[in-house]
file upload_27.cif (mmCIF, C-alpha atoms and all ligand atoms)
data_coords
#
loop_
_atom_site.label_atom_id
_atom_site.label_comp_id
_atom_site.auth_asym_id
_atom_site.auth_seq_id
_atom_site.Cartn_x
_atom_site.Cartn_y
_atom_site.Cartn_z
CA MET A 1 0.00 0.00 0.00
CA ALA A 2 1.34 3.40 -0.98
CA SER A 3 2.07 5.88 1.80
CA TRP A 4 -1.03 8.08 2.07
CA ASP A 5 0.58 10.37 4.64
CA LYS A 6 2.59 12.17 1.94
CA LEU A 7 -0.43 13.03 -0.20
CA LYS A 8 -0.53 16.56 -1.61
CA ALA A 9 -2.43 16.23 -4.87
CA ILE A 10 -5.26 14.21 -6.42
CA ALA A 11 -5.95 13.38 -10.07
CA PHE A 12 -9.59 12.60 -10.84
CA ASP A 13 -10.94 10.70 -13.78
CA LEU A 14 -14.03 12.38 -15.32
CA ASP A 15 -16.47 9.99 -17.06
CA GLY A 16 -17.86 7.47 -14.60
CA THR A 17 -16.07 9.11 -11.65
CA LEU A 18 -17.22 12.74 -11.32
CA ILE A 19 -19.99 12.75 -13.93
CA ASP A 20 -22.34 10.07 -15.24
CA SER A 21 -21.91 11.15 -18.85
CA ALA A 22 -23.07 7.88 -20.44
CA PRO A 23 -26.62 9.07 -21.32
CA ASP A 24 -25.30 11.92 -23.52
CA LEU A 25 -22.45 9.81 -24.95
CA ALA A 26 -25.07 7.18 -25.81
CA ALA A 27 -27.42 9.72 -27.42
CA ALA A 28 -24.59 11.11 -29.57
CA THR A 29 -23.47 7.60 -30.52
CA GLN A 30 -27.03 6.60 -31.47
CA ALA A 31 -27.51 9.80 -33.51
CA THR A 32 -24.24 9.11 -35.34
CA LEU A 33 -25.20 5.53 -36.21
CA THR A 34 -28.65 6.66 -37.34
CA GLU A 35 -27.12 9.33 -39.59
CA LEU A 36 -24.89 6.67 -41.13
CA LYS A 37 -27.93 4.35 -41.53
CA LEU A 38 -26.16 1.71 -39.42
CA PRO A 39 -27.67 -0.53 -36.70
CA SER A 40 -28.17 1.46 -33.49
CA CYS A 41 -27.09 0.49 -29.97
CA SER A 42 -28.38 0.73 -26.41
CA GLU A 43 -27.17 3.01 -23.61
CA GLU A 44 -26.09 -0.14 -21.77
CA GLN A 45 -23.81 -1.09 -24.65
CA VAL A 46 -22.31 2.40 -24.73
CA ARG A 47 -21.63 2.20 -20.96
CA SER A 48 -19.53 -0.89 -21.64
CA TRP A 49 -17.67 0.80 -24.53
CA ILE A 50 -16.60 4.01 -22.70
CA GLY A 51 -13.06 4.22 -21.40
CA ASN A 52 -10.54 4.78 -24.20
CA GLY A 53 -11.67 8.09 -25.66
CA ALA A 54 -13.99 9.16 -28.47
CA LYS A 55 -12.27 7.39 -31.37
CA VAL A 56 -12.26 3.99 -29.70
CA LEU A 57 -15.88 4.54 -28.64
CA MET A 58 -16.78 5.05 -32.32
CA GLN A 59 -14.76 1.99 -33.34
CA ARG A 60 -16.73 -0.06 -30.80
CA ALA A 61 -20.06 1.44 -31.92
CA LEU A 62 -19.33 0.71 -35.58
CA THR A 63 -18.36 -2.91 -34.87
CA HIS A 64 -20.64 -3.54 -31.84
CA SER A 65 -17.61 -5.09 -30.18
CA LEU A 66 -14.85 -4.09 -27.77
CA ASP A 67 -11.91 -4.79 -30.02
CA ARG A 68 -12.88 -5.65 -33.59
CA PRO A 69 -10.96 -3.40 -36.01
CA VAL A 70 -12.69 -1.03 -38.40
CA GLU A 71 -11.48 0.47 -41.69
CA ALA A 72 -9.50 3.64 -41.02
CA ASP A 73 -11.46 5.64 -43.64
CA MET A 74 -14.78 4.61 -42.12
CA LEU A 75 -13.62 5.72 -38.68
CA GLU A 76 -12.26 9.03 -39.99
CA ASP A 77 -15.59 9.77 -41.68
CA THR A 78 -17.53 8.91 -38.53
CA MET A 79 -15.58 11.07 -36.09
CA PRO A 80 -16.84 14.52 -37.22
CA LEU A 81 -20.45 13.30 -37.00
CA PHE A 82 -20.01 12.05 -33.44
CA MET A 83 -18.10 15.17 -32.39
CA LYS A 84 -20.92 17.37 -33.76
CA HIS A 85 -23.69 15.39 -32.07
CA TYR A 86 -21.89 15.22 -28.72
CA GLN A 87 -20.89 18.90 -28.82
CA GLU A 88 -24.55 19.85 -29.32
CA ASN A 89 -25.75 17.87 -26.30
CA LEU A 90 -22.92 17.53 -23.81
CA GLU A 91 -24.85 17.84 -20.59
CA GLN A 92 -28.52 17.27 -21.43
CA HIS A 93 -28.90 14.05 -19.47
CA SER A 94 -25.54 13.74 -17.69
CA GLN A 95 -25.33 14.16 -13.92
CA LEU A 96 -22.79 14.71 -11.18
CA TYR A 97 -22.51 11.62 -9.00
CA PRO A 98 -23.77 11.97 -5.41
CA GLY A 99 -21.31 13.63 -3.04
CA VAL A 100 -19.01 15.04 -5.74
CA LEU A 101 -19.76 18.73 -5.02
CA GLU A 102 -19.35 18.36 -1.24
CA VAL A 103 -16.16 16.30 -1.46
CA LEU A 104 -14.51 18.64 -3.99
CA ASN A 105 -15.34 21.61 -1.74
CA GLU A 106 -13.84 19.80 1.25
CA LEU A 107 -10.68 18.78 -0.60
CA THR A 108 -10.19 22.30 -1.94
CA SER A 109 -10.53 23.72 1.57
CA LEU A 110 -8.03 21.13 2.86
CA GLY A 111 -5.54 22.54 0.36
CA TYR A 112 -5.04 19.66 -2.07
CA SER A 113 -3.93 20.41 -5.63
CA MET A 114 -6.43 18.77 -7.93
CA ALA A 115 -6.46 17.80 -11.60
CA VAL A 116 -8.79 16.07 -14.03
CA VAL A 117 -7.09 13.38 -16.10
CA THR A 118 -9.59 12.04 -18.61
CA ASN A 119 -9.45 10.13 -21.89
CA LYS A 120 -12.30 12.34 -23.14
CA PRO A 121 -11.19 14.87 -25.78
CA TYR A 122 -10.08 18.09 -24.07
CA ARG A 123 -12.59 20.19 -26.00
CA PHE A 124 -15.46 18.35 -24.27
CA ALA A 125 -13.89 18.10 -20.82
CA ILE A 126 -13.76 21.83 -20.11
CA PRO A 127 -17.38 22.72 -21.09
CA LEU A 128 -18.64 19.70 -19.15
CA LEU A 129 -16.77 20.74 -15.98
CA LYS A 130 -18.09 24.27 -16.47
CA ALA A 131 -21.67 23.10 -17.02
CA PHE A 132 -21.59 21.40 -13.63
CA LYS A 133 -19.75 24.34 -12.01
CA ILE A 134 -16.80 22.32 -10.75
CA GLU A 135 -14.02 23.54 -13.07
CA HIS A 136 -12.60 25.98 -10.47
CA HIS A 137 -11.47 23.08 -8.26
CA PHE A 138 -8.93 21.91 -10.84
CA THR A 139 -5.66 23.66 -11.57
CA LYS A 140 -4.97 21.30 -14.46
CA VAL A 141 -7.21 19.46 -16.91
CA LEU A 142 -5.70 16.88 -19.27
CA GLY A 143 -7.84 15.36 -22.02
CA GLY A 144 -7.16 12.16 -23.94
CA ASP A 145 -5.70 14.27 -26.75
CA SER A 146 -3.71 16.70 -24.58
CA LEU A 147 -0.52 14.60 -24.65
CA GLU A 148 0.92 11.94 -26.97
CA LYS A 149 -0.57 9.11 -24.95
CA MET A 150 -3.67 8.58 -22.82
CA LYS A 151 -4.44 6.28 -19.87
CA PRO A 152 -3.61 3.41 -19.33
CA ASP A 153 -0.27 4.93 -20.31
CA PRO A 154 1.23 6.69 -17.27
CA LEU A 155 2.19 9.80 -19.31
CA PRO A 156 -0.65 12.12 -18.11
CA LEU A 157 0.20 11.26 -14.49
CA THR A 158 3.98 11.52 -14.85
CA HIS A 159 3.32 14.84 -16.64
CA LEU A 160 1.44 16.05 -13.55
CA LEU A 161 4.24 14.88 -11.26
CA ASP A 162 6.74 16.85 -13.39
CA LYS A 163 4.57 19.98 -13.62
CA TRP A 164 3.78 20.03 -9.93
CA LYS A 165 7.31 18.88 -8.92
CA LEU A 166 5.87 16.08 -6.79
CA LYS A 167 7.23 12.71 -5.78
CA PRO A 168 4.97 9.76 -6.74
CA GLU A 169 3.85 9.24 -3.12
CA ALA A 170 2.33 12.75 -3.13
CA LEU A 171 -0.19 12.01 -5.91
CA LEU A 172 -3.34 9.86 -5.82
CA MET A 173 -5.47 8.79 -8.81
CA VAL A 174 -9.22 8.34 -8.30
CA GLY A 175 -11.08 6.55 -11.09
CA ASP A 176 -13.68 4.05 -12.19
CA SER A 177 -11.78 2.18 -14.89
CA LYS A 178 -8.92 -0.25 -15.06
CA ASN A 179 -7.25 2.33 -17.32
CA ASP A 180 -7.04 4.68 -14.31
CA ILE A 181 -5.57 2.00 -12.06
CA LEU A 182 -3.10 0.73 -14.68
CA ALA A 183 -1.91 4.28 -15.37
CA ALA A 184 -1.49 4.93 -11.63
CA LYS A 185 0.48 1.74 -11.08
CA ALA A 186 2.72 2.46 -14.08
CA ALA A 187 3.36 5.99 -12.73
CA GLY A 188 4.17 4.57 -9.29
CA ILE A 189 1.34 6.44 -7.54
CA SER A 190 -1.51 5.20 -5.35
CA SER A 191 -5.06 4.74 -6.61
CA ILE A 192 -8.65 4.44 -5.48
CA GLY A 193 -11.07 2.48 -7.66
CA LEU A 194 -14.77 3.42 -7.67
CA THR A 195 -17.30 0.66 -8.26
CA TYR A 196 -20.20 2.68 -9.73
CA GLY A 197 -18.75 3.84 -13.07
CA TYR A 198 -17.87 2.20 -16.37
CA ASN A 199 -15.31 -0.57 -16.42
CA TYR A 200 -16.34 -2.75 -19.36
CA GLY A 201 -18.66 -4.59 -16.97
CA GLU A 202 -15.70 -5.79 -14.88
CA ASP A 203 -15.13 -5.55 -11.14
CA ILE A 204 -12.65 -2.68 -10.51
CA GLY A 205 -11.25 -4.68 -7.58
CA LEU A 206 -9.69 -7.09 -10.11
CA SER A 207 -7.29 -4.29 -11.11
CA CYS A 208 -6.06 -4.14 -7.49
CA PRO A 209 -6.26 -0.41 -6.68
CA ASP A 210 -4.93 0.54 -3.21
CA ALA A 211 -8.54 1.02 -2.06
CA VAL A 212 -12.00 0.38 -3.48
CA CYS A 213 -14.89 2.79 -2.72
CA VAL A 214 -18.56 2.27 -3.52
CA GLN A 215 -19.38 5.98 -3.14
CA PHE A 216 -17.42 9.10 -4.01
CA SER A 217 -17.73 10.46 -0.46
CA GLU A 218 -15.79 7.45 0.87
CA ILE A 219 -12.56 8.79 -0.56
CA LEU A 220 -12.52 11.43 2.23
CA LYS A 221 -11.88 8.60 4.69
CA PHE A 222 -8.50 7.95 3.12
CA VAL A 223 -7.58 11.47 2.16
CA ASN A 224 -8.57 13.09 5.49
CA ASN A 225 -6.38 10.59 7.27
CA SER A 226 -3.38 11.73 5.34
CA VAL A 227 -4.09 15.38 6.12
CA LYS A 228 -4.32 14.60 9.85
CA VAL A 229 -0.97 12.82 9.69
CA MET A 230 0.59 15.74 7.84
CA GLU A 231 -0.75 18.21 10.44
CA HIS A 232 0.47 15.99 13.27
CA GLU A 233 3.93 15.66 11.73
CA SER A 234 4.33 19.38 11.22
CA VAL A 235 3.70 20.23 14.88
O1 LIG B 301 -14.32 9.22 -22.53
C1 LIG B 301 -13.79 8.13 -22.23
O2 LIG B 301 -13.68 7.17 -23.01
C2 LIG B 301 -13.27 7.92 -20.86
O3 LIG B 301 -13.16 9.12 -20.13
P1 LIG B 301 -12.57 9.04 -18.66
O4 LIG B 301 -11.09 8.78 -18.83
O5 LIG B 301 -12.87 10.39 -18.06
O6 LIG B 301 -13.27 7.93 -17.97
MG MG B 302 -13.79 6.89 -16.26
#
call {"tool": "encode", "arguments": {"input": "upload_27.cif", "output": "structure tokens"}}
result
Amino acid sequence: MASWDKLKAIAFDLDGTLIDSAPDLAAATQATLTELKLPSCSEEQVRSWIGNGAKVLMQRALTHSLDRPVEADMLEDTMPLFMKHYQENLEQHSQLYPGVLEVLNELTSLGYSMAVVTNKPYRFAIPLLKAFKIEHHFTKVLGGDSLEKMKPDPLPLTHLLDKWKLKPEALLMVGDSKNDILAAKAAGISSIGLTYGYNYGEDIGLSCPDAVCVQFSEILKFVNNSVKVMEHESV
């Protein structure tokens, strides 16, 4: 178990962690397939396809599978349609998960540096955070297209460590997907896995995060502890 007493900063995943964005991602995916006169899909299917950014979501929607390849030209033609549909309805049916507002307020007042590290394209991440009035909590937002690689690659997290001049034990990743946990492990930082989001229908515990939480508010249990230790040590 990583040493929680050195924690100074937290990186949050977005889709399936802070915001239940699946209903709008599903609506945009369905509108795209309809426009292309292709077989549609259910919201449940889209929930199991989210996790590796917009392009992979479209690949999965076009093939109705997690990993079947699709012709590059077909995918390139599909992307602008999906981007248009999603842009038009980013936050119609999406919702903040319970406890997110309260916990972010608490963590901000405790003095943690906070970032959003999502595989969602950057251009959607910012308006979505703004729509739910939580963008001011985050000093850094990294989208799936902000750097050369996205989660499960550790690059977005090692980038944060570099930018914030932090040692790995000072940063925690909170997410709903194995991509979040794999990225955290590869970056050498600790992680909390949330059970309520999208993880291809798999149990997040199988990815062995340092802790598993069933509700967002549970993360305070771990994080508050570390603050108390820090206060105690500095006396
Ligand atoms: O949009 C996705 O595919 C996943 O986004 P997330 O990294 O915020 O969960
Ligand atoms: Mg997620």
call {"tool": "closest_atom_pairs", "arguments": {"input": "upload_27.cif", "of": "chain A", "to": "ligand MG 302 (chain B)", "cutoff": "10 Å", "atoms": "all atoms listed in the file", "output": "CSV"}}
result
residue,atom,partner,partner_atom,distance
A:Phe12,CA,B:MG302,MG,8.9
A:Asp13,CA,B:MG302,MG,5.4
A:Leu14,CA,B:MG302,MG,5.6
A:Asp15,CA,B:MG302,MG,4.2
A:Gly16,CA,B:MG302,MG,4.4
A:Thr17,CA,B:MG302,MG,5.6
A:Leu18,CA,B:MG302,MG,8.4
A:Ile19,CA,B:MG302,MG,8.8
A:Asp20,CA,B:MG302,MG,9.2
A:Ser21,CA,B:MG302,MG,9.5
A:Ile50,CA,B:MG302,MG,7.6
A:Gly51,CA,B:MG302,MG,5.8
A:Asn52,CA,B:MG302,MG,8.8
A:Gly53,CA,B:MG302,MG,9.7
A:Val117,CA,B:MG302,MG,9.3
A:Thr118,CA,B:MG302,MG,7.0
A:Asn119,CA,B:MG302,MG,7.8
A:Lys120,CA,B:MG302,MG,8.9
A:Val174,CA,B:MG302,MG,9.3
A:Gly175,CA,B:MG302,MG,5.8
A:Asp176,CA,B:MG302,MG,5.0
A:Ser177,CA,B:MG302,MG,5.3
A:Lys178,CA,B:MG302,MG,8.7
A:Asn179,CA,B:MG302,MG,8.0
A:Asp180,CA,B:MG302,MG,7.4
A:Leu194,CA,B:MG302,MG,9.3
A:Gly197,CA,B:MG302,MG,6.6
A:Tyr198,CA,B:MG302,MG,6.2
A:Asn199,CA,B:MG302,MG,7.6
call {"tool": "write_last_selection", "arguments": {"input": "upload_27.cif", "atoms": "C-alpha atoms", "output": "PDB file, in the coordinates of the input"}}
result
ATOM      1  CA  PHE A  12      -9.590  12.600 -10.840  1.00  0.00           C
ATOM      2  CA  ASP A  13     -10.940  10.700 -13.780  1.00  0.00           C
ATOM      3  CA  LEU A  14     -14.030  12.380 -15.320  1.00  0.00           C
ATOM      4  CA  ASP A  15     -16.470   9.990 -17.060  1.00  0.00           C
ATOM      5  CA  GLY A  16     -17.860   7.470 -14.600  1.00  0.00           C
ATOM      6  CA  THR A  17     -16.070   9.110 -11.650  1.00  0.00           C
ATOM      7  CA  LEU A  18     -17.220  12.740 -11.320  1.00  0.00           C
ATOM      8  CA  ILE A  19     -19.990  12.750 -13.930  1.00  0.00           C
ATOM      9  CA  ASP A  20     -22.340  10.070 -15.240  1.00  0.00           C
ATOM     10  CA  SER A  21     -21.910  11.150 -18.850  1.00  0.00           C
ATOM     11  CA  ILE A  50     -16.600   4.010 -22.700  1.00  0.00           C
ATOM     12  CA  GLY A  51     -13.060   4.220 -21.400  1.00  0.00           C
ATOM     13  CA  ASN A  52     -10.540   4.780 -24.200  1.00  0.00           C
ATOM     14  CA  GLY A  53     -11.670   8.090 -25.660  1.00  0.00           C
ATOM     15  CA  VAL A 117      -7.090  13.380 -16.100  1.00  0.00           C
ATOM     16  CA  THR A 118      -9.590  12.040 -18.610  1.00  0.00           C
ATOM     17  CA  ASN A 119      -9.450  10.130 -21.890  1.00  0.00           C
ATOM     18  CA  LYS A 120     -12.300  12.340 -23.140  1.00  0.00           C
ATOM     19  CA  VAL A 174      -9.220   8.340  -8.300  1.00  0.00           C
ATOM     20  CA  GLY A 175     -11.080   6.550 -11.090  1.00  0.00           C
ATOM     21  CA  ASP A 176     -13.680   4.050 -12.190  1.00  0.00           C
ATOM     22  CA  SER A 177     -11.780   2.180 -14.890  1.00  0.00           C
ATOM     23  CA  LYS A 178      -8.920  -0.250 -15.060  1.00  0.00           C
ATOM     24  CA  ASN A 179      -7.250   2.330 -17.320  1.00  0.00           C
ATOM     25  CA  ASP A 180      -7.040   4.680 -14.310  1.00  0.00           C
ATOM     26  CA  LEU A 194     -14.770   3.420  -7.670  1.00  0.00           C
ATOM     27  CA  GLY A 197     -18.750   3.840 -13.070  1.00  0.00           C
ATOM     28  CA  TYR A 198     -17.870   2.200 -16.370  1.00  0.00           C
ATOM     29  CA  ASN A 199     -15.310  -0.570 -16.420  1.00  0.00           C
TER      30      ASN A 199
END
call {"tool": "residues_around", "arguments": {"input": "upload_27.cif", "residues": "segment 69-84 of chain A", "least_positions_apart": "2", "cutoff": "10 Å", "atoms": "only C-alpha atoms", "output": "ChimeraX atom specification"}}
result
/A:25,27-33,35-36,54-60,62-63,65-67,86-89,121,123-124
call {"tool": "atom_distance", "arguments": {"input": "upload_27.cif", "atom1": "atom CA of Pro127 of chain A", "atom2": "atom CA of Arg47 of chain A"}}
result
21.0 Å
call {"tool": "residues_around", "arguments": {"input": "upload_27.cif", "residues": "Asn105 of chain A", "least_positions_apart": "4", "cutoff": "12 Å", "atoms": "only C-alpha atoms", "output": "JSON, numbers by chain"}}
result
{"A": [99, 100, 101, 109, 110, 111, 112, 114, 133, 134, 135, 136, 137, 138, 217, 220]}
call {"tool": "axis_aligned_box", "arguments": {"input": "upload_27.cif", "around": "ligand LIG 301 (chain B)", "padding_each_side": "6 Å", "output": "AutoDock Vina command-line options"}}
result
--center_x -12.7 --center_y 8.8 --center_z -20.5 --size_x 15.2 --size_y 15.2 --size_z 17.0
call {"tool": "closest_residue", "arguments": {"input": "upload_27.cif", "among": "A:Thr108, A:Ser190, A:Ser48, A:Ser207", "to": "ligand LIG 301 (chain B)", "atoms": "all atoms listed in the file"}}
result
A:Ser48
call {"tool": "atom_distance", "arguments": {"input": "upload_27.cif", "atom1": "atom CA of Ile219 of chain A", "atom2": "atom CA of His159 of chain A"}}
result
23.4 Å
call {"tool": "atom_distance", "arguments": {"input": "upload_27.cif", "atom1": "atom CA of Ala211 of chain A", "atom2": "atom CA of Ala187 of chain A"}}
result
16.7 Å
call {"tool": "closest_residue", "arguments": {"input": "upload_27.cif", "among": "A:Lys151, A:Lys6, A:Lys140, A:Lys130", "to": "ligand LIG 301 (chain B)", "atoms": "all atoms listed in the file"}}
result
A:Lys151
call {"tool": "closest_residue", "arguments": {"input": "upload_27.cif", "among": "A:Pro98, A:Gly144, A:Pro154, A:Pro23", "to": "ligand LIG 301 (chain B)", "atoms": "all atoms listed in the file"}}
result
A:Gly144
call {"tool": "closest_residue", "arguments": {"input": "upload_27.cif", "among": "A:Pro39, A:Ala183, A:Asp162, A:Leu107", "to": "ligand LIG 301 (chain B)", "atoms": "all atoms listed in the file"}}
result
A:Ala183
call {"tool": "closest_residue", "arguments": {"input": "upload_27.cif", "among": "A:Tyr200, A:Trp164, A:Trp4, A:Phe132", "to": "ligand LIG 301 (chain B)", "atoms": "only C-alpha atoms and all ligand atoms"}}
result
A:Tyr200
call {"tool": "closest_residue", "arguments": {"input": "upload_27.cif", "among": "A:Leu38, A:Pro152, A:Glu169, A:Lys221", "to": "ligand LIG 301 (chain B)", "atoms": "only C-alpha atoms and all ligand atoms"}}
result
A:Pro152
call {"tool": "residues_around", "arguments": {"input": "upload_27.cif", "residues": "Ile189 of chain A", "least_positions_apart": "5", "cutoff": "12 Å", "atoms": "all atoms listed in the file", "output": "PyMOL selection string"}}
result
chain A and resi 1-4+6-11+154+157-158+160-161+166-174+180-184+209-210
call {"tool": "decode", "arguments": {"input": "upload_27.cif", "residues": "segment 48-67 of chain A", "atoms": "N, CA and C atoms", "output": "mmCIF file, in the first residue's frame"}}
result
data_model
loop_
_atom_site.group_PDB
_atom_site.id
_atom_site.type_symbol
_atom_site.label_atom_id
_atom_site.label_comp_id
_atom_site.auth_asym_id
_atom_site.auth_seq_id
_atom_site.Cartn_x
_atom_site.Cartn_y
_atom_site.Cartn_z
ATOM 1 N N SER A 48 -20.609 0.115 -21.654
ATOM 2 C CA SER A 48 -19.533 -0.885 -21.635
ATOM 3 C C SER A 48 -18.451 -0.592 -22.678
ATOM 4 N N TRP A 49 -18.665 0.442 -23.514
ATOM 5 C CA TRP A 49 -17.673 0.803 -24.532
ATOM 6 C C TRP A 49 -16.855 2.033 -24.138
ATOM 7 N N ILE A 50 -17.307 2.789 -23.121
ATOM 8 C CA ILE A 50 -16.604 4.010 -22.697
ATOM 9 C C ILE A 50 -15.301 3.636 -21.997
ATOM 10 N N GLY A 51 -14.287 4.457 -22.167
ATOM 11 C CA GLY A 51 -13.061 4.217 -21.396
ATOM 12 C C GLY A 51 -11.771 4.559 -22.119
ATOM 13 N N ASN A 52 -11.788 4.536 -23.466
ATOM 14 C CA ASN A 52 -10.540 4.777 -24.196
ATOM 15 C C ASN A 52 -10.656 5.946 -25.165
ATOM 16 N N GLY A 53 -11.542 6.894 -24.838
ATOM 17 C CA GLY A 53 -11.665 8.088 -25.662
ATOM 18 C C GLY A 53 -12.692 7.941 -26.774
ATOM 19 N N ALA A 54 -12.902 9.071 -27.496
ATOM 20 C CA ALA A 54 -13.993 9.161 -28.474
ATOM 21 C C ALA A 54 -13.770 8.254 -29.691
ATOM 22 N N LYS A 55 -12.526 8.166 -30.153
ATOM 23 C CA LYS A 55 -12.266 7.393 -31.370
ATOM 24 C C LYS A 55 -12.519 5.902 -31.137
ATOM 25 N N VAL A 56 -12.048 5.412 -30.007
ATOM 26 C CA VAL A 56 -12.256 3.988 -29.701
ATOM 27 C C VAL A 56 -13.744 3.724 -29.435
ATOM 28 N N LEU A 57 -14.433 4.699 -28.845
ATOM 29 C CA LEU A 57 -15.884 4.539 -28.643
ATOM 30 C C LEU A 57 -16.569 4.362 -30.001
ATOM 31 N N MET A 58 -16.175 5.173 -30.981
ATOM 32 C CA MET A 58 -16.781 5.053 -32.316
ATOM 33 C C MET A 58 -16.413 3.727 -32.984
ATOM 34 N N GLN A 59 -15.163 3.290 -32.788
ATOM 35 C CA GLN A 59 -14.765 1.985 -33.344
ATOM 36 C C GLN A 59 -15.656 0.880 -32.771
ATOM 37 N N ARG A 60 -15.896 0.962 -31.466
ATOM 38 C CA ARG A 60 -16.728 -0.059 -30.805
ATOM 39 C C ARG A 60 -18.182 0.033 -31.271
ATOM 40 N N ALA A 61 -18.666 1.263 -31.490
ATOM 41 C CA ALA A 61 -20.057 1.441 -31.921
ATOM 42 C C ALA A 61 -20.235 0.929 -33.348
ATOM 43 N N LEU A 62 -19.228 1.153 -34.183
ATOM 44 C CA LEU A 62 -19.328 0.711 -35.585
ATOM 45 C C LEU A 62 -19.261 -0.805 -35.702
ATOM 46 N N THR A 63 -18.540 -1.449 -34.777
ATOM 47 C CA THR A 63 -18.365 -2.907 -34.868
ATOM 48 C C THR A 63 -19.217 -3.664 -33.857
ATOM 49 N N HIS A 64 -19.899 -2.900 -32.945
ATOM 50 C CA HIS A 64 -20.645 -3.538 -31.844
ATOM 51 C C HIS A 64 -19.768 -4.558 -31.110
ATOM 52 N N SER A 65 -18.521 -4.193 -30.903
ATOM 53 C CA SER A 65 -17.614 -5.094 -30.179
ATOM 54 C C SER A 65 -16.556 -4.257 -29.473
ATOM 55 N N LEU A 66 -15.864 -4.848 -28.517
ATOM 56 C CA LEU A 66 -14.845 -4.093 -27.772
ATOM 57 C C LEU A 66 -13.573 -3.898 -28.572
ATOM 58 N N ASP A 67 -13.239 -4.873 -29.425
ATOM 59 C CA ASP A 67 -11.905 -4.793 -30.021
ATOM 60 C C ASP A 67 -11.821 -5.178 -31.490
#
